[in-house]
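Notes follow once the structure below has been shown.
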Amino acid sequence: MGGNIGFNNNKVKDTDKKSNSVSVSPAIGIAVKQNIVVGINLVYSHLKSTYDNPYSETENNSYGGSVFVRRYITLGKGFFLFGEADIYYQASDNTYSYTGGKNEQKGWSTGIYIYPGLSYAVSKRFYLETGLPQLANLGFSKSKSISNGTTEESEGMSFNVSAGSLSTISLGFRIFFAK
């Protein structure tokens, strides 16, 4: 059992622009072999940004989940390298409001990604970890946008490999329960 949690609160200096976000991703799994865990992740995130002059507001909500397989490799002295593969589904609902109008977008995406990381056993049952979520991602998405009475539908396929940005490092934990 474990998960990730994140939050952000920004105010741009000398402006009236501000934003805040929160994300929660609990996970639960079962060890099927020594150092191999299979399980599920749930995901929810919310972002809201405002700018008062001229008025505009962005609100994004996303939710979904994944099925994962994670393998740990012992490095020594409580350190483990892990690799995780996830098959995911995520839905989103985005609204952009501004003086004189509003744009809405709803959509979903599905795919598979790999996720490497490092884990440290603080105790026999509690591990801290860090990783590079979605180091490689193959996905399909579909969305519908409504802007000033005009509807636009789109779909796409993507493949991304990204290890260059350390801004996407995740911090999390795992709790292990023994039989």
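Ordering of the structure tokens sets the chain letters (A, B, ...), residue numbers begin anew at 1 in every chain, and ligands are numbered from 1 in the order given.
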List the neighbours of A:Gly39 out to 6 Å using only C-alpha atoms; skip same-chain residues closer than 5 positions along the sequence, and give me the result as a PyMOL selection string. chain A and resi 28-29+67-68
Next, the residues of the selection above should be written as a CSV table (one decimal), in the first residue's frame with C-alpha atoms.
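Okay, out-v5.csv is ready:
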```csv
chain,number,residue,atom,x,y,z
A,28,ILE,CA,-2.4,-1.0,-3.4
A,29,GLY,CA,-0.8,-4.2,-4.5
A,67,VAL,CA,-3.0,-1.5,-13.2
A,68,PHE,CA,0.7,-2.0,-12.5
```
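Across the structure, atom CA of A:Glu155 and atom CA of A:Ser66 are spaced 20.6 Å apart.
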Mind checking which residues fall within 10 Å of A:Ile175, counting only C-alpha atoms, ignoring those fewer than 5 positions away in the same chain, and posting them as a short mmCIF file (atom, residue, chain, number, x, y, z; two decimals) with C-alpha atoms, in the first residue's frame?
```
data_model
loop_
_atom_site.label_atom_id
_atom_site.label_comp_id
_atom_site.auth_asym_id
_atom_site.auth_seq_id
_atom_site.Cartn_x
_atom_site.Cartn_y
_atom_site.Cartn_z
CA MET A 1 0.00 0.00 0.00
CA GLY A 2 1.31 3.47 -0.73
CA GLY A 3 0.94 6.44 -2.95
CA ILE A 28 -2.43 -0.98 -3.36
CA ALA A 121 13.67 0.92 3.38
CA SER A 123 12.13 0.08 8.26
CA LYS A 124 11.11 -3.46 7.30
CA ARG A 125 7.60 -2.24 6.42
CA PHE A 126 8.01 1.46 5.44
CA TYR A 127 9.82 2.59 2.27
CA LEU A 128 10.40 6.09 0.88
#
```
Determine, for each residue of stretch 10-51 of chain A having at least one atom at most 9 Å from an atom of stretch 86-90 of chain A, the closest pair of atoms and their separation in Å to one decimal, counting only C-alpha atoms; order by chain and ascending number, as a Markdown table.
```
| residue | atom | partner | partner_atom | distance |
| --- | --- | --- | --- | --- |
| A:Ile40 | CA | A:Asp86 | CA | 8.8 |
| A:Asn41 | CA | A:Tyr88 | CA | 8.8 |
| A:Val43 | CA | A:Gln90 | CA | 8.0 |
```
Would you save the residues of that selection, restricted to C-alpha atoms, as a compact mmCIF listing (two decimals), in the first residue's frame?
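Listing of out33.txt after writing:
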```txt
# COMPACT_ATOMS: atom_id res chain seq x y z
CA ILE A 40 -3.77 -0.74 -8.86
CA ASN A 41 -3.28 3.03 -8.63
CA VAL A 43 -5.44 9.21 -9.48
```
Tell me which protein, DNA and RNA residues are within 7 Å of A:Phe82, counting only C-alpha atoms, leaving out same-chain ones fewer than 6 positions away, and put them as an mmCIF file with N, CA and C atoms, in the first residue's frame.
```cif
data_model
loop_
_atom_site.group_PDB
_atom_site.id
_atom_site.type_symbol
_atom_site.label_atom_id
_atom_site.label_comp_id
_atom_site.auth_asym_id
_atom_site.auth_seq_id
_atom_site.Cartn_x
_atom_site.Cartn_y
_atom_site.Cartn_z
ATOM 1 N N ARG A 70 5.323 -4.043 -10.679
ATOM 2 C CA ARG A 70 6.554 -3.389 -10.222
ATOM 3 C C ARG A 70 7.557 -4.450 -9.799
ATOM 4 N N ARG A 71 8.816 -4.272 -10.239
ATOM 5 C CA ARG A 71 9.887 -5.185 -9.847
ATOM 6 C C ARG A 71 10.971 -4.403 -9.125
ATOM 7 N N TYR A 72 11.386 -4.944 -7.972
ATOM 8 C CA TYR A 72 12.453 -4.350 -7.168
ATOM 9 C C TYR A 72 13.752 -5.129 -7.369
ATOM 10 N N ILE A 73 14.859 -4.407 -7.458
ATOM 11 C CA ILE A 73 16.194 -5.004 -7.513
ATOM 12 C C ILE A 73 16.975 -4.441 -6.328
ATOM 13 N N PRO A 116 10.719 4.204 -13.773
ATOM 14 C CA PRO A 116 11.824 3.731 -12.937
ATOM 15 C C PRO A 116 11.961 4.583 -11.680
ATOM 16 N N GLY A 117 12.580 4.023 -10.656
ATOM 17 C CA GLY A 117 12.787 4.804 -9.444
ATOM 18 C C GLY A 117 13.721 4.139 -8.463
ATOM 19 N N LEU A 118 13.893 4.801 -7.340
ATOM 20 C CA LEU A 118 14.760 4.356 -6.266
ATOM 21 C C LEU A 118 13.944 4.329 -4.987
#
```
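For the residues A:Ser49, A:Ser119, A:Asn137, A:Asn20, ranking by smallest atom-to-atom distance to A:Phe79 using only C-alpha atoms places A:Ser119 first.
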As a ChimeraX atom specification, which residues of stretch 51-179 of chain A does DSSP assign to strand (DSSP E)? /A:51-52,55-76,79-98,101-121,126-131,136-147,150-161,170-175
Computed gap from atom CA of A:Asn35 to atom CA of A:Tyr113 is 19.8 Å
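When only C-alpha atoms are used to compute distances to A:Thr95, the closest of the residues A:Ile146, A:Ser109, A:Phe80, A:Lys18 turns out to be A:Ile146.
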Rounded to one decimal in Å, what is the spacing between atom CA of A:Gly156 and atom CA of A:Lys142?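 It comes out at 6.5 Å.
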